[in-house]
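Visitor: data10.txt is reproduced in full below (compact mmCIF, C-alpha atoms).
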# COMPACT_ATOMS: atom_id res chain seq x y z
CA MET U 26 0.12 -4.24 -73.11
CA LEU U 27 -3.53 -3.56 -74.00
CA ARG U 28 -6.40 -4.50 -71.72
CA ILE U 29 -10.12 -4.47 -72.52
CA ALA U 30 -12.06 -3.66 -69.34
CA LYS U 31 -14.19 -6.49 -67.90
CA LEU U 32 -14.48 -8.31 -71.22
CA GLN U 33 -10.85 -9.46 -70.83
CA LEU U 34 -10.72 -9.91 -74.57
CA LEU U 35 -7.95 -12.02 -75.98
CA CYS U 36 -4.82 -10.39 -74.42
CA ILE U 37 -3.64 -7.76 -75.13
CA ILE U 38 1.94 -5.94 -76.50
CA LEU U 39 28.02 -3.31 -66.04
CA ILE U 40 29.57 -0.45 -67.48
CA TRP U 41 30.12 -2.22 -70.66
CA ILE U 42 29.01 -1.44 -74.18
CA PRO U 43 27.80 -4.40 -76.25
CA ALA U 44 27.67 -4.66 -80.00
CA TYR U 45 24.72 -3.68 -82.14
CA SER U 46 24.01 -3.81 -85.86
CA SER U 47 22.25 -1.55 -88.30
CA SER U 48 18.62 -2.07 -89.23
CA LEU U 49 17.48 -3.11 -92.68
CA VAL U 50 14.48 -1.39 -94.23
CA ARG U 51 12.12 -3.54 -96.27
CA ALA U 52 9.80 -0.99 -97.81
CA GLU U 53 6.32 -1.76 -99.11
CA ALA U 54 4.87 1.75 -99.38
CA GLU U 55 4.96 4.08 -102.41
CA PRO U 56 8.65 4.78 -103.22
CA ALA U 57 8.22 8.48 -104.01
CA LYS U 58 6.76 9.11 -100.55
CA GLN U 59 9.23 6.87 -98.75
CA ASP U 60 12.29 8.64 -100.08
CA GLU U 61 11.66 11.61 -97.81
CA VAL U 62 11.41 9.66 -94.56
CA ILE U 63 13.22 6.31 -94.97
CA PRO U 64 16.71 7.60 -94.06
CA PHE U 65 15.34 9.18 -90.90
CA LEU U 66 13.37 6.06 -89.90
CA GLN U 67 16.39 3.84 -90.43
CA GLU U 68 18.55 6.12 -88.31
CA LEU U 69 15.84 6.40 -85.65
CA PHE U 70 15.49 2.64 -85.14
CA ASP U 71 19.24 2.05 -85.36
CA ASP U 72 19.81 4.58 -82.60
CA ARG U 73 16.99 3.24 -80.44
CA THR U 74 18.53 -0.21 -80.74
CA ARG U 75 21.85 1.20 -79.53
CA LEU U 76 20.03 2.88 -76.65
CA LEU U 77 18.75 -0.49 -75.41
CA MET U 78 22.34 -1.63 -75.02
CA ASP U 79 24.02 1.32 -73.30
CA GLN U 80 21.23 3.75 -72.22
CA ASP U 81 23.14 6.70 -73.71
CA LYS U 82 20.44 9.31 -74.34
CA THR U 83 22.61 11.21 -76.82
CA HIS U 84 21.79 8.47 -79.35
CA ILE U 85 18.18 9.61 -79.70
CA GLU U 86 17.75 13.16 -78.35
CA ASP U 87 18.05 14.78 -81.77
CA HIS U 88 15.21 12.64 -83.13
CA TYR U 89 12.61 14.26 -80.85
CA LEU U 90 11.19 17.71 -80.17
CA LEU U 91 11.83 17.70 -76.45
CA LYS U 92 9.85 20.90 -75.79
CA ASP U 93 6.77 19.37 -77.41
CA LYS U 94 4.72 17.41 -74.85
CA ARG U 95 3.78 14.53 -77.16
CA SER U 96 7.25 14.19 -78.64
CA ASN U 97 8.88 14.35 -75.23
CA TYR U 98 6.53 11.61 -74.01
CA ALA U 99 7.67 9.37 -76.87
CA TYR U 100 11.30 10.14 -76.05
CA LEU U 101 10.87 9.32 -72.35
CA HIS U 102 9.15 6.09 -73.28
CA GLU U 103 12.26 4.91 -75.12
CA MET U 104 14.49 5.94 -72.23
CA ASN U 105 12.31 4.05 -69.76
CA ARG U 106 12.22 0.84 -71.79
CA ALA U 107 16.03 0.88 -72.11
CA GLU U 108 16.33 1.29 -68.35
CA TYR U 109 13.81 -1.50 -67.75
CA ILE U 110 15.53 -4.08 -69.92
CA GLN U 111 18.94 -3.44 -68.36
CA GLU U 112 17.55 -3.53 -64.82
CA TRP U 113 15.73 -6.78 -65.59
CA ALA U 114 18.97 -8.34 -66.88
CA LYS U 115 20.86 -7.23 -63.77
CA HIS U 116 18.28 -8.82 -61.48
CA ARG U 117 18.40 -12.06 -63.50
CA LYS U 118 22.23 -12.17 -63.42
CA MET U 119 22.50 -11.63 -67.18
CA LYS U 120 24.06 -9.11 -69.53
CA PHE U 121 22.92 -8.20 -73.03
CA MET U 122 25.54 -8.87 -75.68
CA ASN U 123 24.01 -7.71 -78.93
CA ALA U 124 20.95 -6.11 -80.53
CA GLU U 125 19.82 -6.13 -84.15
CA SER U 126 16.80 -4.44 -85.68
CA SER U 127 14.97 -4.42 -88.99
CA ILE U 128 11.90 -2.45 -90.02
CA ARG U 129 9.31 -2.96 -92.73
CA ILE U 130 7.29 0.04 -93.81
CA ALA U 131 3.65 -0.69 -94.58
CA ARG U 132 2.53 2.87 -95.33
CA ALA U 133 4.14 6.31 -95.56
CA GLU U 134 2.14 9.46 -96.31
CA VAL U 135 3.96 12.78 -96.59
CA LEU U 136 2.08 16.07 -96.70
CA GLY U 137 4.25 19.13 -96.40
CA ASP U 138 6.13 19.10 -93.13
CA THR U 139 4.12 16.18 -91.69
CA ALA U 140 4.44 12.45 -92.36
CA LYS U 141 2.37 9.54 -91.08
CA VAL U 142 4.02 6.15 -91.09
CA SER U 143 2.91 2.61 -90.27
CA LEU U 144 5.70 0.07 -89.87
CA VAL U 145 6.73 -3.07 -88.04
CA GLN U 146 9.99 -3.63 -86.21
CA SER U 147 11.68 -6.99 -85.76
CA LEU U 148 14.15 -6.88 -82.87
CA LYS U 149 16.73 -9.52 -81.97
CA LEU U 150 18.38 -9.42 -78.54
CA SER U 151 21.16 -11.66 -77.24
CA TYR U 152 22.16 -12.31 -73.63
CA GLU U 153 24.64 -14.30 -71.58
CA TYR U 154 24.74 -15.24 -67.92
CA ILE U 155 27.31 -13.26 -65.94
CA ASP U 156 28.79 -15.96 -63.73
CA SER U 157 27.68 -19.29 -65.18
CA TYR U 158 26.46 -21.24 -68.20
CA PRO U 159 28.66 -19.74 -70.92
CA GLY U 160 26.94 -19.28 -74.25
CA GLN U 161 24.76 -16.73 -75.96
CA HIS U 162 20.98 -16.92 -76.09
CA ASP U 163 19.01 -15.10 -78.79
CA PHE U 164 15.37 -14.06 -78.72
CA GLY U 165 13.07 -11.85 -80.77
CA ILE U 166 10.34 -9.25 -80.27
CA GLY U 167 8.09 -7.82 -82.98
CA THR U 168 6.12 -4.58 -82.68
CA ARG U 169 3.71 -2.58 -84.87
CA HIS U 170 4.20 1.20 -84.88
CA GLY U 171 2.10 4.19 -85.86
CA ILE U 172 4.33 7.27 -86.07
CA THR U 173 3.69 10.92 -86.88
CA LEU U 174 6.76 12.86 -88.00
CA ARG U 175 7.22 16.59 -88.21
CA LYS U 176 9.92 18.43 -90.14
CA LYS U 177 11.60 21.28 -88.33
CA ASP U 178 14.78 23.07 -89.40
CA SER U 179 14.94 20.84 -92.49
CA ARG U 180 15.05 17.71 -90.34
CA TRP U 181 12.44 15.09 -89.46
CA HIS U 182 11.50 14.47 -85.80
CA VAL U 183 9.11 12.12 -84.02
CA GLU U 184 6.04 14.13 -83.04
CA ARG U 185 4.06 11.23 -81.61
CA GLU U 186 4.16 7.42 -81.66
CA TRP U 187 1.99 4.51 -80.65
CA TYR U 188 2.92 0.85 -80.34
CA SER U 189 2.04 -2.05 -78.08
CA ASP U 190 5.37 -2.38 -76.30
CA PRO U 191 6.24 -5.62 -74.45
CA LEU U 192 8.96 -3.75 -72.53
CA GLU U 193 6.72 -0.96 -71.26
CA GLU U 194 7.21 -1.50 -67.54
CA ASN U 195 8.66 0.41 -64.60
CA SER U 196 12.23 -0.70 -63.90
CA LYS U 197 11.67 -0.06 -60.18
CA GLU U 198 8.80 -2.58 -60.14
CA ILE U 199 10.78 -5.63 -61.27
CA GLU U 200 10.55 -8.46 -58.77
CA LYS U 201 13.96 -8.87 -57.19
CA SER U 202 14.98 -12.44 -56.46
CA ASP U 203 18.22 -14.25 -55.68
CA LEU U 204 16.68 -17.50 -56.90
CA SER U 205 17.83 -19.15 -60.11
CA PHE U 206 16.40 -21.92 -62.24
CA ILE U 207 18.24 -25.22 -62.50
CA PRO U 208 19.05 -26.76 -65.90
CA HIS U 209 16.03 -28.42 -67.45
CA LYS U 210 15.78 -32.21 -67.77
CA ASP U 211 13.06 -33.83 -69.84
CA PRO U 212 11.28 -36.71 -68.11
CA VAL U 213 11.65 -40.09 -69.82
CA PRO U 214 8.40 -40.74 -71.74
CA SER U 215 6.64 -44.06 -71.44
CA GLU U 216 6.49 -45.96 -74.72
CA LYS U 217 3.15 -47.50 -73.69
CA VAL U 218 1.32 -44.18 -73.51
CA ILE U 219 -0.63 -43.03 -76.56
CA HIS U 220 -0.47 -39.24 -76.57
CA LYS U 221 -3.45 -37.22 -77.76
CA TYR U 222 -1.39 -34.02 -77.62
CA ASN U 223 1.49 -33.69 -80.07
CA ARG U 224 3.97 -31.49 -78.20
CA ALA U 225 6.61 -31.44 -80.89
CA ARG U 226 4.17 -30.19 -83.51
CA ALA U 227 2.74 -27.62 -81.09
CA VAL U 228 6.21 -26.12 -80.58
CA GLU U 229 6.91 -26.19 -84.31
CA TYR U 230 3.64 -24.34 -84.89
CA ALA U 231 4.48 -21.74 -82.23
CA ASN U 232 7.85 -21.10 -83.88
CA LYS U 233 6.53 -21.02 -87.44
CA TYR U 234 3.67 -18.60 -86.78
CA ALA U 235 5.23 -16.37 -84.10
CA GLY U 236 4.62 -13.36 -86.34
CA ILE U 237 6.72 -10.29 -87.09
CA THR U 238 9.47 -11.06 -84.58
CA TRP U 239 13.00 -12.14 -85.41
CA GLY U 240 13.26 -15.93 -85.52
CA ALA U 241 9.69 -16.64 -86.66
CA GLY U 242 9.00 -18.73 -89.73
CA ASN U 243 6.38 -18.37 -92.46
CA ARG U 244 8.02 -15.14 -93.69
CA GLN U 245 7.04 -13.55 -90.36
CA ARG U 246 3.35 -13.89 -91.18
CA TYR U 247 0.53 -15.36 -89.07
CA ASN U 248 -1.35 -18.45 -90.21
CA GLN U 249 -3.81 -17.09 -92.76
CA LYS U 250 -6.39 -19.77 -91.86
CA TYR U 251 -7.21 -17.79 -88.74
CA LEU U 252 -8.43 -14.25 -88.17
CA ASP U 253 -5.94 -11.76 -86.72
CA TYR U 254 -7.39 -10.36 -83.50
CA ASN U 255 -4.74 -7.68 -82.91
CA SER U 256 -7.16 -4.92 -83.87
CA LYS U 257 -9.86 -6.41 -81.65
CA GLY U 258 -7.93 -6.36 -78.40
CA GLY U 259 -5.11 -8.83 -78.94
CA ASP U 260 -4.23 -12.14 -80.56
CA CYS U 261 -2.38 -14.06 -77.83
CA THR U 262 -5.24 -16.35 -76.78
CA ASN U 263 -6.24 -17.03 -80.37
CA PHE U 264 -2.60 -17.98 -81.05
CA SER U 265 -2.36 -20.25 -77.99
CA SER U 266 -5.56 -22.02 -79.03
CA GLN U 267 -4.12 -22.56 -82.50
CA VAL U 268 -0.90 -23.97 -81.08
CA ILE U 269 -2.60 -26.66 -79.02
CA GLY U 270 -5.61 -27.24 -81.30
CA ASP U 271 -4.66 -26.95 -84.96
CA LYS U 272 -5.12 -30.47 -86.29
CA GLU U 273 -2.93 -30.10 -89.36
CA GLU U 274 0.21 -28.45 -87.96
CA GLY U 275 -0.35 -27.89 -84.22
CA GLY U 276 -0.87 -30.00 -81.11
CA GLY U 277 -4.10 -31.51 -82.45
CA LEU U 278 -6.29 -31.42 -79.34
CA PRO U 279 -9.88 -32.01 -80.55
CA MET U 280 -12.15 -28.96 -80.53
CA LYS U 281 -15.10 -29.12 -78.16
CA SER U 282 -18.43 -27.34 -78.08
CA GLY U 283 -17.24 -24.45 -75.94
CA TRP U 284 -13.79 -24.23 -77.49
CA HIS U 285 -13.74 -24.20 -81.26
CA TYR U 286 -12.87 -22.19 -84.34
CA LEU U 287 -15.20 -21.77 -87.32
CA TYR U 288 -12.95 -21.09 -90.30
CA GLY U 289 -13.95 -17.87 -91.98
CA ASN U 290 -16.01 -16.74 -88.96
CA GLY U 291 -13.67 -16.78 -85.97
CA GLY U 292 -13.25 -18.44 -82.61
CA SER U 293 -15.61 -19.11 -79.75
CA GLN U 294 -15.36 -17.18 -76.49
CA ALA U 295 -13.15 -19.87 -74.95
CA TRP U 296 -10.94 -19.85 -78.06
CA VAL U 297 -10.14 -16.12 -78.02
CA GLN U 298 -10.78 -14.72 -74.51
CA THR U 299 -8.17 -15.08 -71.80
CA ASP U 300 -10.19 -16.05 -68.72
CA ALA U 301 -12.63 -18.17 -70.72
CA PHE U 302 -9.70 -20.06 -72.27
CA LYS U 303 -8.06 -20.65 -68.90
CA ASN U 304 -11.35 -21.90 -67.41
CA PHE U 305 -11.94 -24.19 -70.38
CA LEU U 306 -8.48 -25.75 -70.12
CA ILE U 307 -8.95 -26.65 -66.45
CA ARG U 308 -12.60 -27.76 -66.62
CA SER U 309 -12.11 -29.86 -69.75
CA GLY U 310 -9.13 -31.69 -68.34
CA TYR U 311 -6.94 -30.53 -71.22
CA GLY U 312 -4.81 -28.51 -68.82
CA ARG U 313 -3.67 -28.69 -65.23
CA ILE U 314 -2.18 -25.89 -63.11
CA ILE U 315 1.20 -27.13 -61.84
CA GLY U 316 2.55 -23.84 -60.49
CA GLN U 317 1.30 -20.38 -59.66
CA GLY U 318 2.30 -17.17 -57.96
CA SER U 319 5.07 -14.61 -58.24
CA PHE U 320 8.33 -15.01 -60.14
CA SER U 321 9.98 -16.46 -57.03
CA ASP U 322 7.10 -18.92 -56.60
CA ILE U 323 7.51 -20.05 -60.20
CA VAL U 324 11.25 -20.64 -59.76
CA HIS U 325 10.53 -22.78 -56.68
CA SER U 326 7.82 -24.73 -58.49
CA VAL U 327 9.83 -25.45 -61.65
CA ASN U 328 12.97 -26.40 -59.71
CA ASP U 329 11.05 -28.66 -57.34
CA ARG U 330 9.48 -30.54 -60.23
CA GLN U 331 12.86 -30.90 -61.93
CA GLN U 332 14.11 -32.62 -58.80
CA HIS U 333 11.08 -34.97 -58.73
CA LEU U 334 10.62 -36.10 -62.32
CA ASN U 335 7.74 -38.37 -61.34
CA ARG U 336 5.61 -35.21 -60.99
CA PRO U 337 4.13 -33.35 -64.01
CA GLN U 338 6.78 -31.04 -65.46
CA LEU U 339 6.61 -27.72 -67.25
CA LEU U 340 7.42 -28.81 -70.79
CA PRO U 341 7.65 -27.27 -74.25
CA GLY U 342 4.09 -27.07 -75.54
CA ASP U 343 2.69 -26.02 -72.15
CA LEU U 344 1.17 -22.59 -71.49
CA ILE U 345 1.77 -19.69 -69.11
CA ALA U 346 -1.07 -17.37 -68.12
CA TYR U 347 -0.28 -13.87 -66.82
CA VAL U 348 -2.66 -12.60 -64.15
CA LEU U 349 -3.13 -8.94 -63.18
CA LYS U 350 -5.56 -7.92 -60.44
CA GLY U 351 -7.24 -11.32 -60.52
CA ASP U 352 -7.84 -11.43 -64.28
CA VAL U 353 -5.83 -13.30 -66.90
CA ASP U 354 -4.23 -10.65 -69.10
CA HIS U 355 -2.03 -12.66 -71.44
CA PHE U 356 -1.09 -16.17 -72.63
CA SER U 357 2.22 -17.46 -73.93
CA VAL U 358 3.45 -20.84 -75.15
CA VAL U 359 6.50 -22.51 -73.60
CA VAL U 360 8.84 -23.45 -76.46
CA GLY U 361 11.98 -24.42 -74.57
CA PHE U 362 14.53 -23.54 -71.89
CA ASP U 363 17.88 -21.80 -71.99
CA GLN U 364 21.04 -23.35 -70.55
CA ALA U 365 20.15 -22.23 -67.05
CA GLY U 366 16.67 -23.75 -67.22
CA TYR U 367 14.87 -20.42 -67.75
CA PRO U 368 11.50 -21.05 -69.49
CA LEU U 369 11.33 -19.41 -72.93
CA VAL U 370 8.03 -18.46 -74.55
CA ASN U 371 6.41 -17.43 -77.83
CA SER U 372 3.28 -15.30 -78.08
CA HIS U 373 1.34 -12.79 -80.12
CA THR U 374 0.58 -9.18 -79.08
CA ALA U 375 3.36 -8.26 -78.95
CA ASP U 376 4.98 -10.99 -80.99
CA ARG U 377 7.67 -12.88 -79.07
CA PHE U 378 10.09 -15.65 -80.06
CA ARG U 379 11.96 -17.61 -77.36
CA VAL U 380 11.73 -14.76 -74.85
CA PRO U 381 12.44 -15.35 -71.11
CA PHE U 382 8.93 -15.76 -69.76
CA ASP U 383 8.86 -12.82 -67.30
CA LEU U 384 10.59 -10.20 -69.46
CA GLY U 385 8.12 -7.35 -69.87
CA TRP U 386 6.29 -8.02 -66.61
CA ASP U 387 6.76 -6.82 -63.05
CA ARG U 388 6.17 -7.80 -59.43
CA SER U 389 2.42 -7.17 -59.67
CA THR U 390 2.13 -10.06 -62.15
CA GLN U 391 1.07 -13.51 -61.02
CA TYR U 392 1.78 -16.50 -63.24
CA LEU U 393 -0.10 -19.74 -63.86
CA LEU U 394 1.88 -22.67 -65.26
CA ILE U 395 -0.59 -24.79 -67.22
CA HIS U 396 0.59 -28.26 -68.15
CA ILE U 397 -1.27 -29.66 -71.16
CA GLN U 398 -2.22 -33.23 -70.38
CA ASP U 399 -0.65 -35.72 -72.75
Can I see the file as structure tokens?

Guide:
Amino acid sequence: MLRIAKLQLLCIILIWIPAYSSSLVRAEAEPAKQDEVIPFLQELFDDRTRLLMDQDKTHIEDHYLLKDKRSNYAYLHEMNRAEYIQEWAKHRKMKFMNAESSIRIARAEVLGDTAKVSLVQSLKLSYEYIDSYPGQHDFGIGTRHGITLRKKDSRWHVEREWYSDPLEENSKEIEKSDLSFIPHKDPVPSEKVIHKYNRARAVEYANKYAGITWGAGNRQRYNQKYLDYNSKGGDCTNFSSQVIGDKEEGGGLPMKSGWHYLYGNGGSQAWVQTDAFKNFLIRSGYGRIIGQGSFSDIVHSVNDRQQHLNRPQLLPGDLIAYVLKGDVDHFSVVVGFDQAGYPLVNSHTADRFRVPFDLGWDRSTQYLLIHIQD
């Protein structure tokens, strides 16, 4: 995940072998240049997808120059993320069943024994609970990659790589908890209440414009009405503002003086910056904090409210803020719950579709559950 110091801009991305499937390459770069690197890239991402499932390092060792410091760093990064995701699943009493990957190449430049590639990966992961709630749950993650390749001994290798990785955490820092969510129950709405916030449309918007991840609509593209802030620090707060505030497709909350978007020019500070957005939601009355703290605290809070449906609930269309060292670092949109009642979220930077809300975070993270007032 990417953080911008002090400005807090936007936000910043079982011994048992499950199934996996090959990636599909959708190429958009110049064909003559792609032909030299596409087979390697397809094999690379296929093998990294397999690694996520079984952590067998032999899948990817040959794709790196392990004696080169930068290449070895990229290799270790992949090993660490595979370990993290499996450790997270173990602590949450889950197992991963399947992984599928596709890549789309935006640019490929080959000069001699060096190639520079820009691409996006769309990853689909599927999990089941080990002891309860039979049924498979699918979610998606989308990432943007800048890769430098080097040819050695007539074979391409990864020399260096950059991407904003939502799974870049230490597996030893996952919060361990024996607590589990209880199945979600929607409160019965009152027919006499006129809602100013359209939850159903907000969730539809979050699913349609979730970006390059598996599962997203709009051909995996953002809403072109709004600027893309990924290159300016991150797009998650901009996306959350769109979800609750877009009047044509989203939740339709009216813009206010401190929280607004000028089409063609961009969003106000409260529209695009994490802490400013959180402060606006609370001060304006649009949002209300109904739970906060560690992962265990959130489980307690959500379960308690499910047992007392007269209290404000965490519902699809609500928001979750992620706090690190006292500052809000990220925002996501609640879009539903799995069979066990686990909150699922969408976000930008990195793009997520129906992902368990704490995947990609660790015990240093504090969460704020923000209920959008109907």

Visitor: Between atom CA of U:Val359 and atom CA of U:Met280, what distance in Å does the model show, to one decimal?

Guide: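 One can read the atom CA of U:Val359 to atom CA of U:Met280 distance as 20.9 Å.
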
Visitor: Might you pull out every residue within 7 Å of stretch 143-157 of chain U, with all atoms listed in the file counted and same-chain residues fewer than 5 positions away left off, and present them as an MDAnalysis selection string?

Guide: chainID U and resid 118:133 162:172 237:239

Visitor: By how many Å are atom CA of U:Gln111 and atom CA of U:Glu194 apart?

Guide: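 One can read the atom CA of U:Gln111 to atom CA of U:Glu194 distance as 11.9 Å.
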
Visitor: Write out as a ChimeraX atom specification which residues come within 9 Å of U:Val268 when counting all atoms listed in the file, dropping same-chain ones fewer than 6 positions away.

Guide: /U:226-231,274-277,342,358
